[in-house]
Amino acid sequence: MALDAAHMAIWDSHIVGGQVIDGTVTWSARGAALLGVAERPLTQSFRDFLACVHADDRDHVVQVLQDGVQRHGAYALQYRVVWPDGSERWLAARAHAFMDASGQPERTLGIIWDITEHTQQEIMIAERKELAEVTLSSIGDAVMTTDPQGKTRYLNRMAEQLTGWTTQLALGRDIWDTMPLADEHTGAPLEHVAVKCLHQRQAIATSAHTNLVTRDGRQIAIEDCAAPIWSRDGEILGAVVVFRDVSHERKLSQQLSWQATHDHLTGLINRRHFEQLVAGALHTSKEQGHVHALLYLDLDQFKVINDTCGHSAGDVLLQLLAKLLQSQMRDSDILARLGGDELGVLLPHCPMEHARQIGEQLRQSIRDFHFAWDGRNYELGVSIGMVEVNQDSKSLSELLIAADQACYLAKEQGRNRIHVYQEADVMLAQRHGEMLWISRLNEAFEQQYFRLYAMPIVHLREGQESHDEVLLRIRNSKGDLILPGAFIPAAERYDMMISIDRWVIRAVCAHIQSIRDSLAPVEALVEERRRAPALYSINLSGMSLADTGLQHYITEQFVQYAIAPEQICFEITETAVIANLPKAQVFMRKLKALGCRFSLDDFGAGFSSFGYLKALPVDYLKIDGVFVRDIAANAINRAMVKAINEVGHVMGLKTVAEYVEDEATLAVIRELGVDYAQGYAVGSLRPLVAGMD
């Protein structure tokens, strides 16, 4: 009854001549059923019994039984039997060898039972464990697990490679010992994600600026996250930490961040970052009453050297002057290249008397500097405009204008001198070139001096698509063609960009209508079937993105000129989008719903935009030309373009490389898989409207 209750049977083996294989096996009825035969008592030769055993297990069965007999002891084993219907069952047996009166082995007697279900579960668990371990060993991310106290339990292959610890060495050690974390900037220890996860009993998201300290003391930039491991009854069994080496990405990001804030030629900070620092100084003046000084420097005679000796000489001169001027300044002072031969200086916490002394040192050091090139020596001078940043300063734009005006007046008064800005200088500002642009722009509107030009955007694999970026120029009364770099800064400063953007939108819509109307109905139908309608990219300023009435104005133009919104793509810079993000998102989504497309221009210049891409419904990503120009010879720029292109493609965006000026650059762009190219290697600038050049 006990055996029946345990689903067990009697195993009785008789031994002949000390050899198990020559004997017989006697089964109870339940035992016979375990072999898949009729459930009744059965006696068979041991060899007949072996015929029921799985072929791979027969030698093992004979060996274990014979060993037990020879030892005059007990044995236990597990093996498979094959039933008459071909199915396999797992059996477990325990027995003891018994001797006759002369001490010779006579029989083995024990119990046997079916363990098929249990064995299959063990096999399944083992397979799952093996699959999990193989998977964890194969993936590119490093994985570590801990117990509830934060002691290390397991490292996959990648974790062992990154940390320098093997699972065997790390087992039972605190996660702080096997995976120390430090701040990448300060080197200070960080709260461990695994410990934080165990304490808070929740998943901890990826952390930034984290370095892993390896077993041999090296530091590796990583991204890491952790999640608790739960039991079925809701208890924490430990934590799993997933991390990966992001050294390359972080280095690339740092390089891009540096390039976004610095001038690549001189290594000085650039205009945009300088203006941000000036804005910060203005804030401390307003909030805490601090006094600072802002200087604008314009090099005298630089253009002469540049034109006489060439741009290479001008580049070398700027690099030498950057080092010279920095040696004359305090550690806290900030020197920037604002563009061309213009430099900016911010003197924090510096009264005007002291600022005047520093300015004079800078002026004199440039005056005393002799530049030698091709056996000739050149002398320089510098005109410096200076303005105080104090509690009464009104705004950043007014500060910059004041410094610019003071620099202009220093030139007007004879060059190579310092002029400190005074309120009375506003009366003289009308003589400044940029102020004149107010009337010039108004004249351009009234006299219809604006001209539109088209620069093709060429698909590198499909040649039938027609796509042009529309560019604005001014053709004045003298016939001079004025580029936007001359008038856009003034238009932005004096709030005229919204009017200019609206003029361009209306003019492009009128052009599309005129092209359509110039075709006969049959020609128009043939053209439509031959290829998709032409696509026009229109640049929008940051001011227009913040204009709440622009979307309605655009819709009106579409209706008036019967324009398909699919023919219009709006180009916006990442800087403008980030500065007006909430309004830009609403504006873009509304026009996107109509069918318009969007292109993010100059991508990579700030590189903060990677985080904003998900939130912006853009179709095209235009890679900033500063990375494209010398891509054939510059490995860093090549890596940057490759990274931006891959990010764009992962997000489902088409990529455009700007400033593709030669065949070598074009070849690299093709190789990297960029979708479109723009530049003189694929197409030149042409008037959008025939005869309007």
# chains A, B, ... in the order shown; residues from 1 in each chain; ligands from 1
$ select_by_dssp --residues "region 182-277 of chain A" --states "strand (DSSP E or B)" --output "short mmCIF file (atom, residue, chain, number, x, y, z; two decimals) with N, CA and C atoms, in the first residue's frame"
data_model
loop_
_atom_site.label_atom_id
_atom_site.label_comp_id
_atom_site.auth_asym_id
_atom_site.auth_seq_id
_atom_site.Cartn_x
_atom_site.Cartn_y
_atom_site.Cartn_z
N ALA A 182 32.00 56.43 -10.62
CA ALA A 182 32.55 57.75 -10.27
C ALA A 182 32.00 58.79 -11.23
N ASP A 183 31.92 60.04 -10.76
CA ASP A 183 31.49 61.14 -11.60
C ASP A 183 32.60 61.45 -12.62
N PRO A 189 32.98 59.41 -5.93
CA PRO A 189 32.12 58.22 -6.00
C PRO A 189 30.65 58.63 -6.13
N ILE A 204 15.68 52.05 -11.78
CA ILE A 204 16.41 53.32 -11.83
C ILE A 204 16.84 53.54 -13.28
N ALA A 205 16.44 54.67 -13.84
CA ALA A 205 16.69 54.94 -15.25
C ALA A 205 18.17 55.20 -15.50
N THR A 206 18.50 55.21 -16.80
CA THR A 206 19.88 55.42 -17.22
C THR A 206 20.43 56.73 -16.66
N SER A 207 21.62 56.67 -16.11
CA SER A 207 22.26 57.87 -15.57
C SER A 207 23.35 58.36 -16.53
N ALA A 208 23.59 59.65 -16.51
CA ALA A 208 24.60 60.25 -17.39
C ALA A 208 25.82 60.67 -16.57
N HIS A 209 26.90 60.98 -17.27
CA HIS A 209 28.14 61.47 -16.64
C HIS A 209 28.69 60.46 -15.63
N THR A 210 28.52 59.18 -15.92
CA THR A 210 28.99 58.13 -15.02
C THR A 210 30.19 57.43 -15.62
N ASN A 211 31.20 57.20 -14.80
CA ASN A 211 32.36 56.42 -15.20
C ASN A 211 32.43 55.14 -14.37
N LEU A 212 32.79 54.04 -15.02
CA LEU A 212 33.06 52.78 -14.33
C LEU A 212 34.55 52.71 -14.03
N VAL A 213 34.89 52.42 -12.77
CA VAL A 213 36.29 52.24 -12.39
C VAL A 213 36.58 50.74 -12.47
N GLN A 219 39.24 54.19 -15.97
CA GLN A 219 37.87 54.69 -15.94
C GLN A 219 37.28 54.63 -17.34
N ILE A 220 36.06 54.09 -17.44
CA ILE A 220 35.36 53.93 -18.71
C ILE A 220 34.02 54.65 -18.60
N ALA A 221 33.72 55.48 -19.59
CA ALA A 221 32.42 56.16 -19.62
C ALA A 221 31.33 55.14 -19.91
N ILE A 222 30.30 55.11 -19.07
CA ILE A 222 29.21 54.16 -19.26
C ILE A 222 27.85 54.84 -19.10
N GLU A 223 26.84 54.19 -19.65
CA GLU A 223 25.45 54.47 -19.31
C GLU A 223 24.94 53.25 -18.57
N ASP A 224 24.25 53.44 -17.45
CA ASP A 224 23.82 52.29 -16.65
C ASP A 224 22.40 52.50 -16.14
N CYS A 225 21.74 51.40 -15.87
CA CYS A 225 20.41 51.41 -15.27
C CYS A 225 20.26 50.14 -14.46
N ALA A 226 19.27 50.10 -13.58
CA ALA A 226 19.08 48.94 -12.72
C ALA A 226 17.59 48.71 -12.49
N ALA A 227 17.24 47.46 -12.24
CA ALA A 227 15.85 47.10 -11.97
C ALA A 227 15.84 45.99 -10.93
N PRO A 228 14.81 45.97 -10.05
CA PRO A 228 14.74 44.91 -9.04
C PRO A 228 14.31 43.58 -9.65
N ILE A 229 14.76 42.49 -9.03
CA ILE A 229 14.32 41.14 -9.40
C ILE A 229 13.34 40.68 -8.33
N TRP A 230 12.09 40.37 -8.73
CA TRP A 230 11.02 40.05 -7.78
C TRP A 230 10.74 38.56 -7.75
N ILE A 236 11.96 41.01 -2.90
CA ILE A 236 13.07 41.34 -3.80
C ILE A 236 14.17 40.29 -3.65
N LEU A 237 14.50 39.67 -4.77
CA LEU A 237 15.55 38.66 -4.79
C LEU A 237 16.92 39.27 -5.07
N GLY A 238 16.92 40.50 -5.55
CA GLY A 238 18.18 41.17 -5.89
C GLY A 238 17.93 42.23 -6.94
N ALA A 239 18.99 42.63 -7.63
CA ALA A 239 18.88 43.66 -8.66
C ALA A 239 19.70 43.22 -9.87
N VAL A 240 19.26 43.69 -11.04
CA VAL A 240 20.02 43.47 -12.26
C VAL A 240 20.47 44.84 -12.78
N VAL A 241 21.75 44.95 -13.09
CA VAL A 241 22.33 46.19 -13.59
C VAL A 241 22.76 45.97 -15.04
N VAL A 242 22.31 46.85 -15.92
CA VAL A 242 22.68 46.79 -17.33
C VAL A 242 23.48 48.04 -17.65
N PHE A 243 24.64 47.88 -18.25
CA PHE A 243 25.46 49.04 -18.58
C PHE A 243 26.23 48.77 -19.86
N ARG A 244 26.69 49.85 -20.49
CA ARG A 244 27.45 49.70 -21.73
C ARG A 244 28.49 50.80 -21.83
N ASP A 245 29.53 50.50 -22.57
CA ASP A 245 30.63 51.44 -22.79
C ASP A 245 30.19 52.50 -23.79
N HIS A 262 32.96 76.78 -29.76
CA HIS A 262 34.29 77.34 -30.00
C HIS A 262 34.54 77.55 -31.49
N ILE A 269 36.26 80.78 -27.83
CA ILE A 269 34.82 80.55 -27.87
C ILE A 269 34.21 81.37 -29.01
#
$ residues_around --residues "Ala281 (chain A)" --least-positions-apart "3" --cutoff "8 Å" --atoms "only C-alpha atoms" --output "PyMOL selection string"
chain A and resi 277-278+284-285+292+348+389
$ write_last_selection --atoms "N, CA and C atoms" --output "PDB file, in the first residue's frame"
ATOM      1  N   LEU A 277      27.492  84.040 -22.377  1.00  0.00           N
ATOM      2  CA  LEU A 277      28.262  84.441 -21.198  1.00  0.00           C
ATOM      3  C   LEU A 277      28.006  85.902 -20.838  1.00  0.00           C
ATOM      4  N   VAL A 278      27.872  86.734 -21.852  1.00  0.00           N
ATOM      5  CA  VAL A 278      27.549  88.147 -21.594  1.00  0.00           C
ATOM      6  C   VAL A 278      26.165  88.251 -20.950  1.00  0.00           C
ATOM      7  N   THR A 284      23.929  88.773 -13.428  1.00  0.00           N
ATOM      8  CA  THR A 284      24.530  89.030 -12.116  1.00  0.00           C
ATOM      9  C   THR A 284      24.558  90.527 -11.805  1.00  0.00           C
ATOM     10  N   SER A 285      24.684  91.348 -12.838  1.00  0.00           N
ATOM     11  CA  SER A 285      24.642  92.801 -12.618  1.00  0.00           C
ATOM     12  C   SER A 285      23.258  93.224 -12.131  1.00  0.00           C
ATOM     13  N   HIS A 292      30.799  94.625 -14.737  1.00  0.00           N
ATOM     14  CA  HIS A 292      31.683  93.943 -15.676  1.00  0.00           C
ATOM     15  C   HIS A 292      31.989  94.899 -16.833  1.00  0.00           C
ATOM     16  N   PRO A 348      34.954  89.955 -16.339  1.00  0.00           N
ATOM     17  CA  PRO A 348      34.031  89.847 -15.202  1.00  0.00           C
ATOM     18  C   PRO A 348      34.556  90.590 -13.973  1.00  0.00           C
ATOM     19  N   VAL A 389      28.984  96.903 -18.151  1.00  0.00           N
ATOM     20  CA  VAL A 389      27.809  96.072 -17.861  1.00  0.00           C
ATOM     21  C   VAL A 389      27.477  96.278 -16.393  1.00  0.00           C
TER      22      VAL A 389
END
$ residues_around --residues "region 324-337 of chain A" --least-positions-apart "5" --cutoff "9 Å" --atoms "only C-alpha atoms" --output "list in words"
His262, Asp263, Thr266, Gly267, Leu268, Ile269, Asn270, Arg271, His273, Phe274, Leu277, Gln319, Glu342, Leu343, Gly344, Val345, Leu346, Leu347, Pro348, Ile358, Gln361, Leu362, Ser365, Ile366 and Phe369 of chain A
$ residues_around --residues "Ser514 (chain A)" --least-positions-apart "3" --cutoff "12 Å" --atoms "only C-alpha atoms" --output "PyMOL selection string"
chain A and resi 507-511+517-520+561-563+688-690
$ write_last_selection --atoms "C-alpha atoms" --output "PDB file, in the first residue's frame"
ATOM      1  CA  ALA A 507       6.721  84.821 -53.637  1.00  0.00           C
ATOM      2  CA  VAL A 508       7.378  81.076 -53.710  1.00  0.00           C
ATOM      3  CA  CYS A 509       3.646  80.310 -53.827  1.00  0.00           C
ATOM      4  CA  ALA A 510       3.237  82.790 -56.681  1.00  0.00           C
ATOM      5  CA  HIS A 511       6.152  81.142 -58.515  1.00  0.00           C
ATOM      6  CA  ASP A 517      -0.253  78.099 -65.283  1.00  0.00           C
ATOM      7  CA  SER A 518       2.485  78.225 -67.947  1.00  0.00           C
ATOM      8  CA  LEU A 519       1.879  74.570 -68.827  1.00  0.00           C
ATOM      9  CA  ALA A 520      -0.959  73.480 -71.059  1.00  0.00           C
ATOM     10  CA  TYR A 561      -2.441  80.360 -55.109  1.00  0.00           C
ATOM     11  CA  ALA A 562      -3.956  76.838 -55.049  1.00  0.00           C
ATOM     12  CA  ILE A 563      -0.743  75.350 -53.673  1.00  0.00           C
ATOM     13  CA  LEU A 688      14.335  80.871 -59.162  1.00  0.00           C
ATOM     14  CA  VAL A 689      12.475  83.037 -61.671  1.00  0.00           C
ATOM     15  CA  ALA A 690      13.996  83.265 -65.164  1.00  0.00           C
TER      16      ALA A 690
END
$ atom_distance --atom1 "CA of Arg157 (chain A)" --atom2 "CA of Trp176 (chain A)"
19.0 Å
$ residues_around --residues "region 8-18 of chain A" --least-positions-apart "3" --cutoff "9 Å" --atoms "only C-alpha atoms" --output "MDAnalysis selection string"
chainID A and resid 2:5 21:32 34 46 66 69:70 93:95 104:114
$ write_last_selection --atoms "N, CA, C and O atoms" --output "tab-separated table (two decimals), in the first residue's frame"
chain	number	residue	atom	x	y	z
A	2	ALA	N	1.96	1.19	0.77
A	2	ALA	CA	2.87	2.35	0.81
A	2	ALA	C	3.48	2.59	-0.56
A	2	ALA	O	3.58	3.74	-1.04
A	3	LEU	N	3.89	1.49	-1.24
A	3	LEU	CA	4.46	1.62	-2.57
A	3	LEU	C	3.45	2.16	-3.56
A	3	LEU	O	3.76	2.99	-4.40
A	4	ASP	N	2.22	1.69	-3.47
A	4	ASP	CA	1.17	2.19	-4.36
A	4	ASP	C	0.94	3.68	-4.14
A	4	ASP	O	0.76	4.45	-5.08
A	5	ALA	N	0.91	4.06	-2.87
A	5	ALA	CA	0.68	5.47	-2.57
A	5	ALA	C	1.80	6.35	-3.11
A	5	ALA	O	1.57	7.50	-3.52
A	21	ILE	N	24.29	-8.90	-16.01
A	21	ILE	CA	23.74	-8.99	-17.35
A	21	ILE	C	23.30	-10.42	-17.70
A	21	ILE	O	22.47	-10.63	-18.59
A	22	ASP	N	23.82	-11.42	-16.96
A	22	ASP	CA	23.44	-12.81	-17.24
A	22	ASP	C	22.24	-13.26	-16.42
A	22	ASP	O	21.78	-14.40	-16.56
A	23	GLY	N	21.72	-12.38	-15.57
A	23	GLY	CA	20.63	-12.76	-14.69
A	23	GLY	C	19.26	-12.44	-15.24
A	23	GLY	O	19.06	-12.28	-16.44
A	24	THR	N	18.31	-12.32	-14.31
A	24	THR	CA	16.91	-12.03	-14.67
A	24	THR	C	16.42	-10.86	-13.84
A	24	THR	O	17.01	-10.49	-12.82
A	25	VAL	N	15.29	-10.31	-14.26
A	25	VAL	CA	14.64	-9.21	-13.53
A	25	VAL	C	13.19	-9.61	-13.31
A	25	VAL	O	12.50	-10.03	-14.25
A	26	THR	N	12.73	-9.44	-12.09
A	26	THR	CA	11.33	-9.75	-11.76
A	26	THR	C	10.63	-8.44	-11.41
A	26	THR	O	11.11	-7.66	-10.58
A	27	TRP	N	9.50	-8.23	-12.06
A	27	TRP	CA	8.72	-7.00	-11.87
A	27	TRP	C	7.40	-7.30	-11.20
A	27	TRP	O	6.75	-8.30	-11.51
A	28	SER	N	7.00	-6.41	-10.32
A	28	SER	CA	5.62	-6.44	-9.85
A	28	SER	C	4.73	-5.92	-10.97
A	28	SER	O	5.22	-5.43	-12.01
A	29	ALA	N	3.42	-6.03	-10.80
A	29	ALA	CA	2.51	-5.56	-11.84
A	29	ALA	C	2.74	-4.07	-12.13
A	29	ALA	O	2.79	-3.64	-13.29
A	30	ARG	N	2.89	-3.27	-11.08
A	30	ARG	CA	3.12	-1.84	-11.29
A	30	ARG	C	4.47	-1.61	-11.97
A	30	ARG	O	4.63	-0.73	-12.81
A	31	GLY	N	5.46	-2.44	-11.63
A	31	GLY	CA	6.76	-2.30	-12.26
A	31	GLY	C	6.71	-2.59	-13.74
A	31	GLY	O	7.34	-1.91	-14.56
A	32	ALA	N	5.96	-3.65	-14.13
A	32	ALA	CA	5.83	-3.96	-15.56
A	32	ALA	C	5.19	-2.79	-16.31
A	32	ALA	O	5.56	-2.49	-17.45
A	34	LEU	N	5.57	0.23	-15.72
A	34	LEU	CA	6.57	1.28	-15.95
A	34	LEU	C	7.34	1.07	-17.25
A	34	LEU	O	7.93	2.00	-17.80
A	46	PHE	N	17.72	-10.29	-18.02
A	46	PHE	CA	18.25	-8.92	-17.92
A	46	PHE	C	18.49	-8.34	-19.30
A	46	PHE	O	18.30	-7.15	-19.52
A	66	GLN	N	26.39	-3.36	-11.88
A	66	GLN	CA	27.54	-4.24	-11.66
A	66	GLN	C	28.47	-3.68	-10.59
A	66	GLN	O	29.00	-4.42	-9.76
A	69	VAL	N	26.94	-4.43	-7.22
A	69	VAL	CA	27.10	-5.85	-6.86
A	69	VAL	C	28.52	-6.12	-6.38
A	69	VAL	O	28.75	-6.81	-5.37
A	70	GLN	N	29.49	-5.61	-7.09
A	70	GLN	CA	30.88	-5.85	-6.73
A	70	GLN	C	31.24	-5.22	-5.39
A	70	GLN	O	32.09	-5.72	-4.66
A	93	ALA	N	15.73	4.45	-9.88
A	93	ALA	CA	15.77	3.21	-9.11
A	93	ALA	C	16.77	3.32	-7.97
A	93	ALA	O	17.82	3.97	-8.10
A	94	ARG	N	16.43	2.69	-6.84
A	94	ARG	CA	17.35	2.55	-5.70
A	94	ARG	C	17.29	1.08	-5.26
A	94	ARG	O	16.20	0.53	-5.12
A	95	ALA	N	18.44	0.46	-5.04
A	95	ALA	CA	18.44	-0.96	-4.67
A	95	ALA	C	19.69	-1.29	-3.86
A	95	ALA	O	20.63	-0.47	-3.77
A	104	GLN	N	28.50	-14.85	-1.93
A	104	GLN	CA	28.46	-14.48	-3.34
A	104	GLN	C	27.19	-13.67	-3.62
A	104	GLN	O	26.14	-13.91	-3.02
A	105	PRO	N	27.28	-12.69	-4.54
A	105	PRO	CA	26.09	-11.88	-4.84
A	105	PRO	C	24.99	-12.74	-5.44
A	105	PRO	O	25.23	-13.51	-6.37
A	106	GLU	N	23.80	-12.56	-4.88
A	106	GLU	CA	22.68	-13.39	-5.31
A	106	GLU	C	21.60	-12.58	-6.02
A	106	GLU	O	21.05	-13.00	-7.03
A	107	ARG	N	21.31	-11.37	-5.50
A	107	ARG	CA	20.24	-10.56	-6.08
A	107	ARG	C	20.41	-9.11	-5.67
A	107	ARG	O	21.15	-8.79	-4.74
A	108	THR	N	19.74	-8.24	-6.39
A	108	THR	CA	19.58	-6.84	-5.94
A	108	THR	C	18.10	-6.59	-5.78
A	108	THR	O	17.29	-7.04	-6.61
A	109	LEU	N	17.75	-5.91	-4.73
A	109	LEU	CA	16.33	-5.66	-4.45
A	109	LEU	C	16.16	-4.20	-4.09
A	109	LEU	O	16.93	-3.64	-3.30
A	110	GLY	N	15.17	-3.58	-4.69
A	110	GLY	CA	14.94	-2.17	-4.39
A	110	GLY	C	13.63	-1.68	-4.97
A	110	GLY	O	12.73	-2.47	-5.27
A	111	ILE	N	13.53	-0.39	-5.11
A	111	ILE	CA	12.30	0.24	-5.62
A	111	ILE	C	12.61	1.02	-6.89
A	111	ILE	O	13.75	1.43	-7.13
A	112	ILE	N	11.58	1.21	-7.69
A	112	ILE	CA	11.71	1.95	-8.95
A	112	ILE	C	10.45	2.77	-9.16
A	112	ILE	O	9.34	2.35	-8.78
A	113	TRP	N	10.61	3.97	-9.73
A	113	TRP	CA	9.44	4.84	-9.95
A	113	TRP	C	9.66	5.73	-11.17
A	113	TRP	O	10.79	5.92	-11.64
A	114	ASP	N	8.56	6.28	-11.68
A	114	ASP	CA	8.56	7.12	-12.89
A	114	ASP	C	8.87	8.57	-12.50
A	114	ASP	O	8.19	9.15	-11.65
$ atom_distance --atom1 "CA of Ser537 (chain A)" --atom2 "CA of Ser599 (chain A)"
8.0 Å
$ residues_around --residues "Glu412 (chain A)" --least-positions-apart "2" --cutoff "12 Å" --atoms "only C-alpha atoms" --output "VMD selection string"
chain A and resid 300 383 to 385 405 to 410 414 to 419 428 to 429 431 to 432
$ select_by_dssp --residues "region 258-501 of chain A" --states "helix (DSSP H, G or I)" --output "VMD selection string"
chain A and resid 258 to 261 271 to 288 302 to 309 311 to 327 352 to 368 396 to 412 423 to 431 433 to 447 484 to 493 497 to 501
$ closest_residue --among "A:Leu483, A:Val668, A:Met543, A:Leu320" --to "Met496 (chain A)" --atoms "only C-alpha atoms"
A:Met543
$ closest_residue --among "A:Met352, A:Val656, A:Val504, A:Leu481" --to "Ile457 (chain A)" --atoms "only C-alpha atoms"
A:Val656
